[in-house]
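One file, run.cif, is given below (mmCIF, C-alpha atoms).
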data_data
loop_
_atom_site.label_atom_id
_atom_site.label_comp_id
_atom_site.auth_asym_id
_atom_site.auth_seq_id
_atom_site.Cartn_x
_atom_site.Cartn_y
_atom_site.Cartn_z
CA MET K 958 49.41 22.88 1.22
CA SER K 959 49.65 24.54 -2.13
CA SER K 960 53.40 24.01 -2.34
CA ILE K 961 52.88 20.27 -2.66
CA ALA K 962 53.21 18.90 -6.17
CA THR K 963 49.67 17.82 -7.06
CA PRO K 964 47.76 18.08 -10.32
CA PRO K 965 46.40 21.64 -10.85
CA SER K 966 42.79 20.46 -10.72
CA GLU K 967 43.28 18.43 -7.56
CA ALA K 968 43.39 19.88 -4.05
CA ALA K 969 46.04 18.42 -1.77
CA ARG K 970 44.53 15.78 0.51
CA ALA K 971 45.55 16.44 4.10
CA ILE K 972 45.63 14.47 7.35
CA LEU K 973 44.95 16.70 10.37
CA VAL K 974 46.70 15.99 13.67
CA GLY K 975 46.12 17.48 17.12
CA VAL K 976 47.77 16.56 20.43
CA ASP K 977 46.09 16.85 23.83
CA PHE K 978 48.72 17.49 26.51
CA GLY K 979 46.12 17.55 29.26
CA ARG K 980 46.64 21.19 30.17
CA PRO K 981 43.77 23.60 30.92
CA ALA K 982 43.15 26.34 28.38
CA ASN K 983 44.47 29.06 30.72
CA ASN K 984 47.73 27.15 31.18
CA ALA K 985 48.28 25.97 27.64
CA HIS K 986 51.24 23.85 26.67
CA PRO K 987 54.06 25.76 24.94
CA SER K 988 53.36 23.73 21.81
CA GLY K 989 49.95 25.38 21.54
CA SER K 990 46.31 25.03 22.61
CA PHE K 991 44.30 21.91 21.96
CA ASP K 992 41.19 21.85 19.79
CA PRO K 993 39.41 18.51 20.31
CA THR K 994 37.43 18.95 17.08
CA LEU K 995 40.25 20.26 14.85
CA ASP K 996 37.53 22.29 13.14
CA GLU K 997 39.61 25.46 12.96
CA LEU K 998 42.60 23.59 11.53
CA ALA K 999 40.25 22.13 8.91
CA LEU K 1000 39.07 25.64 8.00
CA LEU K 1001 42.69 26.78 7.76
CA ALA K 1002 43.51 23.83 5.49
CA GLU K 1003 40.53 24.58 3.27
CA SER K 1004 41.50 28.27 3.13
CA ALA K 1005 44.94 27.19 1.91
CA GLY K 1006 43.35 25.06 -0.81
CA ASP K 1007 43.71 21.66 0.86
CA THR K 1008 41.05 18.98 1.44
CA PRO K 1009 41.04 17.39 4.92
CA VAL K 1010 40.45 13.64 4.56
CA ALA K 1011 41.13 12.36 8.10
CA ARG K 1012 41.65 13.64 11.64
CA VAL K 1013 43.95 12.17 14.30
CA ILE K 1014 43.87 12.98 18.02
CA ALA K 1015 46.79 11.96 20.23
CA LYS K 1016 47.18 12.22 24.00
CA ARG K 1017 50.55 12.78 25.60
CA GLN K 1018 51.99 14.34 28.73
CA ALA K 1019 54.73 16.04 26.70
CA PRO K 1020 55.81 16.17 23.04
CA ASP K 1021 58.03 13.34 21.83
CA ALA K 1022 61.46 14.84 21.21
CA ALA K 1023 61.91 13.10 17.86
CA LEU K 1024 58.41 12.72 16.37
CA PHE K 1025 56.19 15.01 18.53
CA VAL K 1026 53.45 12.32 18.62
CA GLY K 1027 55.63 9.26 19.33
CA SER K 1028 56.55 6.37 17.05
CA GLY K 1029 53.31 4.40 17.53
CA LYS K 1030 51.06 7.31 16.61
CA ALA K 1031 53.39 8.20 13.72
CA ASP K 1032 52.90 4.69 12.31
CA GLU K 1033 49.13 5.11 12.65
CA ILE K 1034 49.31 8.42 10.74
CA LYS K 1035 51.47 6.78 8.06
CA LEU K 1036 48.79 4.13 7.54
CA LEU K 1037 46.17 6.85 7.12
CA VAL K 1038 48.40 8.64 4.61
CA GLN K 1039 48.63 5.45 2.56
CA THR K 1040 44.94 4.61 2.91
CA HIS K 1041 43.74 8.06 1.83
CA GLN K 1042 46.65 8.68 -0.56
CA ALA K 1043 47.22 11.93 1.31
CA HIS K 1044 49.66 14.53 0.03
CA THR K 1045 50.47 16.23 3.36
CA VAL K 1046 50.07 16.03 7.15
CA LEU K 1047 49.10 19.18 9.05
CA PHE K 1048 49.72 19.61 12.80
CA ASP K 1049 47.53 21.95 14.84
CA GLN K 1050 50.46 22.85 17.09
CA ALA K 1051 53.96 24.14 16.45
CA ILE K 1052 56.56 21.45 15.79
CA SER K 1053 60.32 21.89 15.80
CA PRO K 1054 62.43 21.73 12.62
CA ALA K 1055 63.95 18.42 13.74
CA GLN K 1056 60.51 16.93 14.47
CA GLN K 1057 59.30 18.06 11.07
CA ARG K 1058 62.29 16.47 9.33
CA ASN K 1059 61.89 13.19 11.25
CA LEU K 1060 58.15 13.02 10.60
CA GLU K 1061 58.65 13.56 6.86
CA LYS K 1062 61.12 10.66 6.77
CA VAL K 1063 58.65 8.35 8.56
CA LEU K 1064 55.46 9.48 6.81
CA GLY K 1065 56.89 9.94 3.33
CA VAL K 1066 54.94 13.17 2.68
CA PRO K 1067 55.53 16.85 3.50
CA VAL K 1068 54.61 17.88 7.05
CA ALA K 1069 53.58 21.37 8.16
CA ASP K 1070 52.43 22.92 11.42
CA ARG K 1071 49.82 25.57 12.15
CA THR K 1072 52.32 28.41 11.76
CA ALA K 1073 53.40 27.29 8.28
CA LEU K 1074 49.74 26.90 7.25
CA ILE K 1075 48.84 30.42 8.37
CA LEU K 1076 51.90 31.80 6.59
CA GLU K 1077 50.83 29.99 3.41
CA ILE K 1078 47.36 31.54 3.58
CA PHE K 1079 48.80 34.98 4.23
CA ALA K 1080 51.12 34.59 1.23
CA GLN K 1081 48.14 33.72 -0.99
CA ARG K 1082 45.91 36.56 0.26
CA ALA K 1083 48.25 39.56 0.58
CA LYS K 1084 47.46 42.02 -2.22
CA SER K 1085 49.08 45.35 -1.34
CA HIS K 1086 52.81 46.01 -1.60
CA GLU K 1087 53.02 46.46 2.17
CA GLY K 1088 51.07 43.28 2.86
CA LYS K 1089 53.32 41.24 0.57
CA LEU K 1090 56.43 42.64 2.25
CA GLN K 1091 55.05 41.83 5.71
CA VAL K 1092 54.27 38.24 4.73
CA GLU K 1093 57.65 37.84 3.02
CA LEU K 1094 59.42 39.00 6.19
CA ALA K 1095 57.44 36.58 8.38
CA ARG K 1096 58.09 33.67 5.99
CA LEU K 1097 61.82 34.40 5.83
CA GLN K 1098 62.03 34.56 9.62
CA TYR K 1099 60.16 31.26 9.87
CA LEU K 1100 62.35 29.66 7.19
CA ALA K 1101 65.50 30.74 9.04
CA THR K 1102 64.50 28.43 11.92
CA ARG K 1103 63.95 25.50 9.53
CA LEU K 1104 67.57 25.24 8.30
CA VAL K 1105 68.45 21.99 10.01
CA ARG K 1106 70.25 20.06 7.24
CA ARG K 1107 67.04 18.89 5.60
CA TRP K 1108 68.62 18.66 2.15
CA SER K 1109 71.31 16.38 0.78
CA HIS K 1110 73.25 19.29 -0.76
CA LEU K 1111 74.22 20.69 2.64
CA GLU K 1112 77.68 19.19 2.57
CA ARG K 1113 80.67 21.30 3.60
CA GLN K 1114 82.12 23.18 0.64
CA SER K 1115 85.77 23.43 -0.23
CA GLY K 1116 87.32 26.88 -0.31
CA GLY K 1117 89.33 28.39 -3.09
CA ILE K 1118 89.28 30.96 -5.88
CA GLY K 1119 85.90 31.27 -7.55
CA MET K 1120 84.08 29.30 -4.86
CA ARG K 1121 81.16 30.84 -2.93
CA GLY K 1122 81.87 31.37 0.75
CA GLY K 1123 85.02 31.00 2.75
CA PRO K 1124 87.15 27.89 3.19
CA GLY K 1125 85.08 25.03 4.57
CA GLU K 1126 81.86 27.07 4.75
CA ALA K 1127 78.85 24.76 4.89
CA GLN K 1128 75.97 25.17 2.44
CA ILE K 1129 73.63 25.57 5.41
CA GLU K 1130 75.67 28.59 6.51
CA LEU K 1131 75.42 30.07 3.01
CA ASP K 1132 71.67 29.52 3.01
CA ARG K 1133 71.34 31.15 6.41
CA ARG K 1134 73.47 34.11 5.35
CA MET K 1135 71.41 34.54 2.18
CA ILE K 1136 68.17 34.47 4.19
CA ASP K 1137 69.60 36.97 6.69
CA GLU K 1138 70.46 39.31 3.81
CA ARG K 1139 66.94 39.00 2.37
CA ILE K 1140 65.44 39.66 5.82
CA LYS K 1141 67.54 42.80 6.15
CA ALA K 1142 66.60 44.02 2.66
CA THR K 1143 62.88 43.30 3.26
CA LYS K 1144 62.96 45.20 6.55
CA GLU K 1145 64.48 48.22 4.81
CA ARG K 1146 61.80 48.18 2.10
CA LEU K 1147 59.10 47.77 4.74
CA LYS K 1148 60.42 50.78 6.68
CA LYS K 1149 59.93 53.00 3.63
CA VAL K 1150 56.34 51.80 3.16
CA GLN K 1151 55.63 52.21 6.89
CA LYS K 1152 56.98 55.76 6.75
CA GLN K 1153 54.47 56.58 4.02
CA ARG K 1154 51.65 55.05 6.09
CA SER K 1155 52.72 57.06 9.16
CA THR K 1156 52.60 60.25 7.09
CA GLN K 1157 49.02 59.43 6.03
CA GLN K 1158 48.03 58.66 9.62
CA ARG K 1159 49.48 61.97 10.87
CA ALA K 1160 47.58 63.82 8.16
CA ARG K 1161 44.31 62.25 9.31
CA ALA K 1162 45.16 63.09 12.94
CA ARG K 1163 45.87 66.74 12.03
CA ASN K 1164 42.50 66.93 10.29
CA GLY K 1165 40.87 65.99 13.58
CA VAL K 1166 39.03 63.04 12.02
CA PHE K 1167 37.57 60.58 14.54
CA ARG K 1168 39.30 57.27 13.78
CA VAL K 1169 37.51 53.91 14.16
CA SER K 1170 39.10 50.50 13.50
CA LEU K 1171 37.36 47.16 13.05
CA VAL K 1172 39.07 44.35 14.94
CA GLY K 1173 38.05 40.80 15.75
CA TYR K 1174 38.61 37.11 15.25
CA THR K 1175 39.05 36.01 11.66
CA ASN K 1176 35.79 35.24 9.85
CA ALA K 1177 33.72 37.24 12.34
CA GLY K 1178 32.33 39.30 9.45
CA LYS K 1179 34.46 42.45 9.73
CA SER K 1180 34.74 43.06 5.99
CA THR K 1181 31.02 42.45 5.45
CA LEU K 1182 30.24 44.95 8.22
CA PHE K 1183 32.77 47.40 6.76
CA ASN K 1184 31.08 47.17 3.35
CA ALA K 1185 27.63 47.62 4.90
CA LEU K 1186 28.70 50.74 6.82
CA VAL K 1187 30.65 52.57 4.12
CA LYS K 1188 29.10 51.02 0.96
CA ALA K 1189 32.55 49.82 -0.08
CA ARG K 1190 33.44 46.78 -2.15
CA THR K 1191 36.11 45.22 0.05
CA TYR K 1192 36.52 41.50 -0.59
CA ALA K 1193 34.48 39.47 1.90
CA ALA K 1194 34.02 35.71 2.04
CA ASN K 1195 33.07 33.00 4.51
CA GLN K 1196 36.65 31.85 5.03
CA LEU K 1197 39.57 32.50 7.35
CA PHE K 1198 41.74 35.52 6.55
CA ALA K 1199 39.65 36.65 3.57
CA THR K 1200 41.13 40.13 4.08
CA LEU K 1201 44.72 40.88 5.06
CA ASP K 1202 45.37 44.42 3.89
CA THR K 1203 44.04 47.36 5.86
CA THR K 1204 41.39 49.38 4.01
CA THR K 1205 40.38 52.84 5.24
CA ARG K 1206 37.28 54.74 4.07
CA SER K 1207 35.43 57.85 5.11
CA MET K 1208 32.03 57.17 6.69
CA PHE K 1209 29.44 59.96 6.93
CA LEU K 1210 27.30 59.94 10.08
CA GLU K 1211 24.10 61.80 9.29
CA GLN K 1212 23.13 62.21 12.96
CA ALA K 1213 26.40 64.01 13.65
CA GLY K 1214 26.60 65.86 10.36
CA GLU K 1215 30.23 64.87 9.83
CA SER K 1216 32.45 61.99 8.72
CA ILE K 1217 34.67 59.54 10.58
CA SER K 1218 37.55 57.39 9.36
CA LEU K 1219 36.76 53.64 9.37
CA SER K 1220 39.50 51.02 8.89
CA ASP K 1221 39.14 47.28 8.29
CA THR K 1222 42.13 45.32 9.67
CA VAL K 1223 43.48 41.77 9.52
CA GLY K 1224 41.64 39.22 11.66
CA PHE K 1225 43.16 37.50 14.69
CA ILE K 1226 43.29 33.78 15.37
CA ARG K 1227 44.27 31.42 18.19
CA ASP K 1228 48.04 30.85 18.43
CA LEU K 1229 48.70 33.55 15.83
CA PRO K 1230 52.46 33.27 15.20
CA HIS K 1231 54.33 35.99 17.05
CA LYS K 1232 56.40 36.69 13.93
CA LEU K 1233 53.21 37.50 12.05
CA VAL K 1234 52.04 39.85 14.79
CA ALA K 1235 55.42 41.58 14.63
CA ALA K 1236 55.48 41.66 10.82
CA PHE K 1237 51.97 43.11 10.65
CA GLN K 1238 52.72 45.76 13.26
CA ALA K 1239 52.32 48.51 10.66
CA THR K 1240 48.92 47.21 9.58
CA LEU K 1241 47.81 46.73 13.18
CA GLN K 1242 48.99 50.28 13.93
CA GLU K 1243 45.61 51.41 12.58
CA ALA K 1244 44.06 49.76 15.63
CA VAL K 1245 46.67 51.19 18.02
CA ASP K 1246 46.10 54.75 16.74
CA ALA K 1247 42.30 54.51 16.67
CA ASP K 1248 40.02 56.59 18.88
CA LEU K 1249 37.54 53.70 19.02
CA LEU K 1250 37.61 49.97 18.27
CA LEU K 1251 34.63 48.09 16.88
CA HIS K 1252 35.35 44.60 18.24
CA VAL K 1253 33.36 42.37 15.87
CA VAL K 1254 32.26 39.04 17.34
CA ASP K 1255 30.76 36.01 15.59
CA ALA K 1256 27.66 35.63 17.76
CA ALA K 1257 26.96 32.20 16.24
CA SER K 1258 30.37 30.76 17.09
CA PRO K 1259 30.36 27.85 19.57
CA VAL K 1260 33.71 29.10 20.92
CA LEU K 1261 32.75 32.75 21.23
CA GLU K 1262 34.37 33.22 24.65
CA GLU K 1263 37.73 31.81 23.53
CA GLN K 1264 37.73 34.03 20.44
CA LEU K 1265 36.93 37.12 22.52
CA ALA K 1266 39.80 36.31 24.89
CA GLU K 1267 42.25 35.77 22.02
CA VAL K 1268 41.44 39.13 20.43
CA GLU K 1269 41.86 40.86 23.80
CA ARG K 1270 45.22 39.13 24.23
CA VAL K 1271 46.53 40.32 20.85
CA LEU K 1272 45.19 43.84 21.46
CA ALA K 1273 47.15 43.89 24.72
CA GLU K 1274 50.25 42.62 22.88
CA ILE K 1275 50.15 45.47 20.34
CA GLY K 1276 49.34 48.13 22.95
CA ALA K 1277 45.66 48.67 22.08
CA ALA K 1278 44.01 47.19 25.19
CA ASP K 1279 43.00 50.54 26.69
CA ILE K 1280 41.35 51.98 23.58
CA PRO K 1281 37.55 52.35 24.05
CA GLN K 1282 35.52 49.58 22.43
CA ILE K 1283 32.06 48.83 21.17
CA LEU K 1284 31.41 45.08 21.04
CA VAL K 1285 29.52 44.24 17.85
CA TYR K 1286 27.83 40.82 18.05
CA ASN K 1287 27.49 40.04 14.35
CA LYS K 1288 25.69 37.26 12.42
CA GLN K 1289 22.37 37.55 14.26
CA ASP K 1290 20.77 36.12 11.10
CA MET K 1291 22.51 32.79 11.84
CA LEU K 1292 20.94 32.45 15.30
CA ALA K 1293 17.75 30.54 16.05
CA GLU K 1294 14.79 32.70 17.06
CA ASP K 1295 15.05 31.64 20.72
CA GLN K 1296 18.73 32.67 20.77
CA ARG K 1297 18.15 36.24 19.61
CA PRO K 1298 18.64 39.08 22.15
CA ARG K 1299 15.68 40.89 23.68
CA GLN K 1300 17.06 44.30 22.77
CA PRO K 1301 19.59 45.54 20.17
CA LEU K 1302 21.85 47.19 22.77
CA ASP K 1303 23.11 46.44 26.26
CA TRP K 1304 26.24 46.99 28.38
CA ILE K 1305 28.68 44.38 29.62
CA GLU K 1306 31.75 44.19 31.80
CA ARG K 1307 35.05 43.38 30.09
CA HIS K 1308 38.08 41.88 31.81
CA GLU K 1309 41.47 42.66 30.27
CA SER K 1310 44.91 44.01 31.08
CA GLY K 1311 44.50 42.99 34.72
CA LYS K 1312 41.51 45.32 35.11
CA THR K 1313 37.97 44.44 36.08
CA GLY K 1314 34.67 46.10 35.41
CA MET K 1315 35.47 47.80 32.08
CA ARG K 1316 32.02 48.99 31.05
CA THR K 1317 31.44 48.47 27.32
CA PRO K 1318 28.39 48.79 25.06
CA ARG K 1319 27.35 45.71 23.10
CA VAL K 1320 25.34 46.02 19.89
CA PHE K 1321 23.65 43.07 18.16
CA VAL K 1322 23.72 43.28 14.37
CA SER K 1323 23.64 41.34 11.14
CA ALA K 1324 25.99 42.90 8.62
CA LEU K 1325 24.40 40.68 5.96
CA THR K 1326 20.78 41.81 6.48
CA GLY K 1327 21.41 45.27 7.95
CA GLU K 1328 19.72 44.43 11.26
CA GLY K 1329 20.95 46.64 14.11
CA LEU K 1330 23.18 48.88 11.95
CA ASP K 1331 21.11 51.97 12.78
CA VAL K 1332 21.74 51.33 16.50
CA LEU K 1333 25.46 50.87 15.79
CA ARG K 1334 25.58 54.19 13.93
CA GLU K 1335 23.93 55.87 16.94
CA GLN K 1336 26.62 54.43 19.20
CA LEU K 1337 29.34 55.68 16.85
CA VAL K 1338 27.88 59.18 17.09
CA ALA K 1339 27.72 58.92 20.88
CA ALA K 1340 31.35 57.73 21.02
CA MET K 1341 32.49 60.56 18.76
CA ARG K 1342 30.76 63.06 21.07
CA GLY K 1343 32.31 61.45 24.16
CA GLU K 1344 28.93 60.28 25.45
CA ILE K 1345 30.00 56.67 26.05
CA PRO K 1346 32.04 56.65 29.28
CA GLN K 1347 34.08 53.43 29.36
CA GLY K 1348 35.31 53.53 32.93
CA LEU K 1349 35.14 51.10 35.82
CA ILE K 1350 31.59 50.17 36.75
CA SER K 1351 32.51 50.56 40.39
CA GLY K 1352 33.71 54.11 39.62
CA GLU K 1353 31.61 56.76 37.95
CA GLY K 1354 30.10 53.94 35.90
CA ALA K 1355 26.86 53.84 33.99
CA PRO K 1356 23.98 56.26 34.35
CA PRO K 1357 21.22 54.89 36.63
CA GLU K 1358 18.83 54.22 33.76
CA GLU K 1359 21.48 52.04 32.06
CA ALA K 1360 22.97 50.31 35.06
CA ALA K 1361 20.35 47.58 35.09
CA SER K 1362 21.41 46.39 31.66
CA VAL K 1363 25.08 45.93 32.57
CA GLU K 1364 26.15 42.27 32.42
CA THR K 1365 29.11 40.96 34.40
CA GLU K 1366 30.35 38.57 31.70
CA HIS K 1367 29.58 37.41 28.15
CA PRO K 1368 26.44 35.29 28.67
CA PRO K 1369 24.82 33.19 25.95
CA ILE K 1370 22.41 35.26 23.89
CA GLN K 1371 18.86 34.49 24.94
CA ALA K 1372 15.44 35.54 23.86
#
Using structure tokens, write down the structure that the file contains.
Amino acid sequence: MSSIATPPSEAARAILVGVDFGRPANNAHPSGSFDPTLDELALLAESAGDTPVARVIAKRQAPDAALFVGSGKADEIKLLVQTHQAHTVLFDQAISPAQQRNLEKVLGVPVADRTALILEIFAQRAKSHEGKLQVELARLQYLATRLVRRWSHLERQSGGIGMRGGPGEAQIELDRRMIDERIKATKERLKKVQKQRSTQQRARARNGVFRVSLVGYTNAGKSTLFNALVKARTYAANQLFATLDTTTRSMFLEQAGESISLSDTVGFIRDLPHKLVAAFQATLQEAVDADLLLHVVDAASPVLEEQLAEVERVLAEIGAADIPQILVYNKQDMLAEDQRPRQPLDWIERHESGKTGMRTPRVFVSALTGEGLDVLREQLVAAMRGEIPQGLISGEGAPPEEAASVETEHPPIQA
């Protein structure tokens, strides 16, 4: 990670580690899901400025209490560190503070888990005052759990006049108290910023503006789609978490003769740290308060289904599961000709929040080339006019002429 002391011109070389606990995806181990390719961890590492040089897969029934991967696998990782002259070791799952400390002693290089890596990326990418405060709060809360006597200066202090702390107060207790004070101060500053945002949101609500929020897995192309729809210049790149701060613009719909409010929000990711979800509650509030969600999907992703499920899970966590959606299958330009859909629009059945048969329109687009954007605009107009009923298919459901195009799940796109 970027905090590692390496020459400015040299990216930190990283060893990637994932552990398979043999649990099915729907009953994931508390330590996190397992990615047999470690591709997403590699993308995270690259987004943080690191260069993955080796990947290690371990199989265990449960995490080793001391080293997470066990002593034998730790020795194997140490050899790889020496062979590749690696600067850091990155774990795809959450590791405890004690495991991190023990691994660093054995491996001789800094060790970080997925949560720390995501926090590092967020710290690099946050631009707005609110975004920086949210990341600072999440990092402080994460750091508070890492105070496990990792440093040699954590000896017990002597009391007396002029000494910091009370008699016999340990340095670790002083550190924890200092972090607690910074957390409290950051929360107070964040409350003031959130109050300003709430005032702006109420103003938009009073104006009767139809509010649309872009949501989706990170790197699904939300910012590129946002720019294409509103002709904005929001930063967009082919990397994870290219955009963190919410951007809201007015979008004029010619067919309706009026404007809507369109917001681009932070992307979701598998095993997104709960502290980050909580810290970014204000930013995600744009999605909670929206009249419609454009759920942007990377149609070319080999793990499309898992990414869809993860976004639905986070939407349920923040209280946005029942907001009407339009599924936007982006990146059609990256699909082979025989994988392209027959038509630019169909209807599918979503499963979330314990419900079945949630009828939802699906639009196939390429934000990069503009393909399908006219159809998406038509759906936005229909949604604004209340012409897209998103009820149970077994209820009032789709009109007869549309019922034939309703799918029961998210099938592979076919010609």
Nearest to K:Leu1337, chosen from K:Glu1215, K:Glu1263, K:Asp1007, K:Asp1295, with only C-alpha atoms counted in the distances: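 Among the listed residues, the smallest separation from K:Leu1337 belongs to K:Glu1215.
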Radius query 12 Å about (56.6, 9.8, 19.9), atoms used: only C-alpha atoms, as a list in words: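 Every residue inside that radius is included here: Val976, Ala1015, Lys1016, Arg1017, Gln1018, Ala1019, Pro1020, Asp1021, Ala1022, Ala1023, Leu1024, Phe1025, Val1026, Gly1027, Ser1028, Gly1029, Lys1030, Ala1031, Asp1032, Glu1033, Ile1034, Gln1056, Asn1059, Leu1060 and Val1063 of chain K.
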Using C-alpha atoms, can you write the selected residues to a file as a PDB file, in the frame of the given file?
ATOM      1  CA  VAL K 976      47.770  16.560  20.430  1.00  0.00           C
ATOM      2  CA  ALA K1015      46.790  11.960  20.230  1.00  0.00           C
ATOM      3  CA  LYS K1016      47.180  12.220  24.000  1.00  0.00           C
ATOM      4  CA  ARG K1017      50.550  12.780  25.600  1.00  0.00           C
ATOM      5  CA  GLN K1018      51.990  14.340  28.730  1.00  0.00           C
ATOM      6  CA  ALA K1019      54.730  16.040  26.700  1.00  0.00           C
ATOM      7  CA  PRO K1020      55.810  16.170  23.040  1.00  0.00           C
ATOM      8  CA  ASP K1021      58.030  13.340  21.830  1.00  0.00           C
ATOM      9  CA  ALA K1022      61.460  14.840  21.210  1.00  0.00           C
ATOM     10  CA  ALA K1023      61.910  13.100  17.860  1.00  0.00           C
ATOM     11  CA  LEU K1024      58.410  12.720  16.370  1.00  0.00           C
ATOM     12  CA  PHE K1025      56.190  15.010  18.530  1.00  0.00           C
ATOM     13  CA  VAL K1026      53.450  12.320  18.620  1.00  0.00           C
ATOM     14  CA  GLY K1027      55.630   9.260  19.330  1.00  0.00           C
ATOM     15  CA  SER K1028      56.550   6.370  17.050  1.00  0.00           C
ATOM     16  CA  GLY K1029      53.310   4.400  17.530  1.00  0.00           C
ATOM     17  CA  LYS K1030      51.060   7.310  16.610  1.00  0.00           C
ATOM     18  CA  ALA K1031      53.390   8.200  13.720  1.00  0.00           C
ATOM     19  CA  ASP K1032      52.900   4.690  12.310  1.00  0.00           C
ATOM     20  CA  GLU K1033      49.130   5.110  12.650  1.00  0.00           C
ATOM     21  CA  ILE K1034      49.310   8.420  10.740  1.00  0.00           C
ATOM     22  CA  GLN K1056      60.510  16.930  14.470  1.00  0.00           C
ATOM     23  CA  ASN K1059      61.890  13.190  11.250  1.00  0.00           C
ATOM     24  CA  LEU K1060      58.150  13.020  10.600  1.00  0.00           C
ATOM     25  CA  VAL K1063      58.650   8.350   8.560  1.00  0.00           C
TER      26      VAL K1063
END
Given 8 Å on each side, where is the centre and what are the edge lengths in Å to one decimal of the axis-aligned box enclosing the listed atoms of stretch 1319-1337 of chain K, as lines of an AutoDock Vina configuration file?
center_x = 24.5
center_y = 48.3
center_z = 14.5
size_x = 25.6
size_y = 31.2
size_z = 33.1
Evaluate the PyMOL selection byres ((chain K and resi 1173) around 12) and report residues as an MDAnalysis selection string: chainID K and resid 1170:1172 1174:1180 1182 1197:1198 1221:1227 1241 1244 1250:1256 1261 1263:1272 1282:1287
Surrounding residues of K:Glu1087 excluding itself and chain neighbours under 2 positions, 8 Å, all atoms listed in the file, as a count of residues only: 7
Two-atom distance - atom CA of K:Met1291, atom CA of K:Ala1083 (Å): 28.9 Å
Top pick for closest residue to K:Ile1140, considering K:Lys1152, K:Glu1093, K:Phe1183, K:Arg1103 and counting only C-alpha atoms: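 Of all the options, K:Glu1093 lies closest to K:Ile1140.
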Distance criterion (only C-alpha atoms): nearest to K:Ser1207 out of K:Leu1097, K:Ala1257, K:Val1187, K:Leu1000: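 Nearest candidate to K:Ser1207 out of K:Leu1097, K:Ala1257, K:Val1187, K:Leu1000: K:Val1187.
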Residues returned when the PyMOL selection byres ((chain K and resi 1188) around 12) runs on this file, as a PyMOL selection string: chain K and resi 1180-1187+1189-1191+1206-1209+1219+1324+1327
Evaluate the PyMOL selection byres ((chain K and resi 1008) around 6) and report residues as a PyMOL selection string: chain K and resi 969-971+1003+1007+1009
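Each of K:Val1038, K:Val1234, K:Ala1278, K:Leu1249 was compared to K:Ile1345 using all atoms listed in the file, and K:Leu1249 turns out to be the nearest.
Here atom CA of K:Ser1004 stands at a distance of 25.8 Å from atom CA of K:Val1322.
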Which residue of K:Ala968, K:Ala1043, K:Glu1344, K:Arg1082 approaches K:Val1066 most closely, using only C-alpha atoms: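 Closest candidate: K:Ala1043.
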For atom CA of K:Arg1334 and atom CA of K:Gly1276, the interatomic separation in Å (one decimal):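 Distance reported for this atom pair: 26.1 Å.
Shortest atom-to-atom contact with K:Leu1302 among K:Thr1102, K:Ile1280, K:Ile1275, K:Gln1336: K:Gln1336, counting only C-alpha atoms.
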Would you kindly place N, CA and C atoms on stretch 1176-1186 of chain K and return the model as a PDB file, in the frame of the given file?
ATOM      1  N   ASN K1176      37.080  35.760  10.297  1.00  0.00           N
ATOM      2  CA  ASN K1176      35.790  35.240   9.850  1.00  0.00           C
ATOM      3  C   ASN K1176      34.628  35.643  10.757  1.00  0.00           C
ATOM      4  N   ALA K1177      34.822  36.747  11.511  1.00  0.00           N
ATOM      5  CA  ALA K1177      33.720  37.240  12.340  1.00  0.00           C
ATOM      6  C   ALA K1177      32.775  38.124  11.532  1.00  0.00           C
ATOM      7  N   GLY K1178      33.185  38.467  10.303  1.00  0.00           N
ATOM      8  CA  GLY K1178      32.330  39.300   9.450  1.00  0.00           C
ATOM      9  C   GLY K1178      32.734  40.756   9.417  1.00  0.00           C
ATOM     10  N   LYS K1179      34.014  41.049   9.704  1.00  0.00           N
ATOM     11  CA  LYS K1179      34.460  42.450   9.730  1.00  0.00           C
ATOM     12  C   LYS K1179      34.327  43.126   8.374  1.00  0.00           C
ATOM     13  N   SER K1180      34.782  42.446   7.323  1.00  0.00           N
ATOM     14  CA  SER K1180      34.740  43.060   5.990  1.00  0.00           C
ATOM     15  C   SER K1180      33.311  43.246   5.502  1.00  0.00           C
ATOM     16  N   THR K1181      32.425  42.308   5.819  1.00  0.00           N
ATOM     17  CA  THR K1181      31.020  42.450   5.450  1.00  0.00           C
ATOM     18  C   THR K1181      30.403  43.636   6.172  1.00  0.00           C
ATOM     19  N   LEU K1182      30.730  43.802   7.459  1.00  0.00           N
ATOM     20  CA  LEU K1182      30.240  44.950   8.220  1.00  0.00           C
ATOM     21  C   LEU K1182      30.821  46.245   7.672  1.00  0.00           C
ATOM     22  N   PHE K1183      32.107  46.224   7.342  1.00  0.00           N
ATOM     23  CA  PHE K1183      32.770  47.400   6.760  1.00  0.00           C
ATOM     24  C   PHE K1183      32.050  47.823   5.473  1.00  0.00           C
ATOM     25  N   ASN K1184      31.767  46.868   4.609  1.00  0.00           N
ATOM     26  CA  ASN K1184      31.080  47.170   3.350  1.00  0.00           C
ATOM     27  C   ASN K1184      29.685  47.732   3.606  1.00  0.00           C
ATOM     28  N   ALA K1185      28.993  47.173   4.602  1.00  0.00           N
ATOM     29  CA  ALA K1185      27.630  47.620   4.900  1.00  0.00           C
ATOM     30  C   ALA K1185      27.621  49.047   5.440  1.00  0.00           C
ATOM     31  N   LEU K1186      28.648  49.407   6.199  1.00  0.00           N
ATOM     32  CA  LEU K1186      28.700  50.740   6.820  1.00  0.00           C
ATOM     33  C   LEU K1186      29.134  51.827   5.851  1.00  0.00           C
TER      34      LEU K1186
END
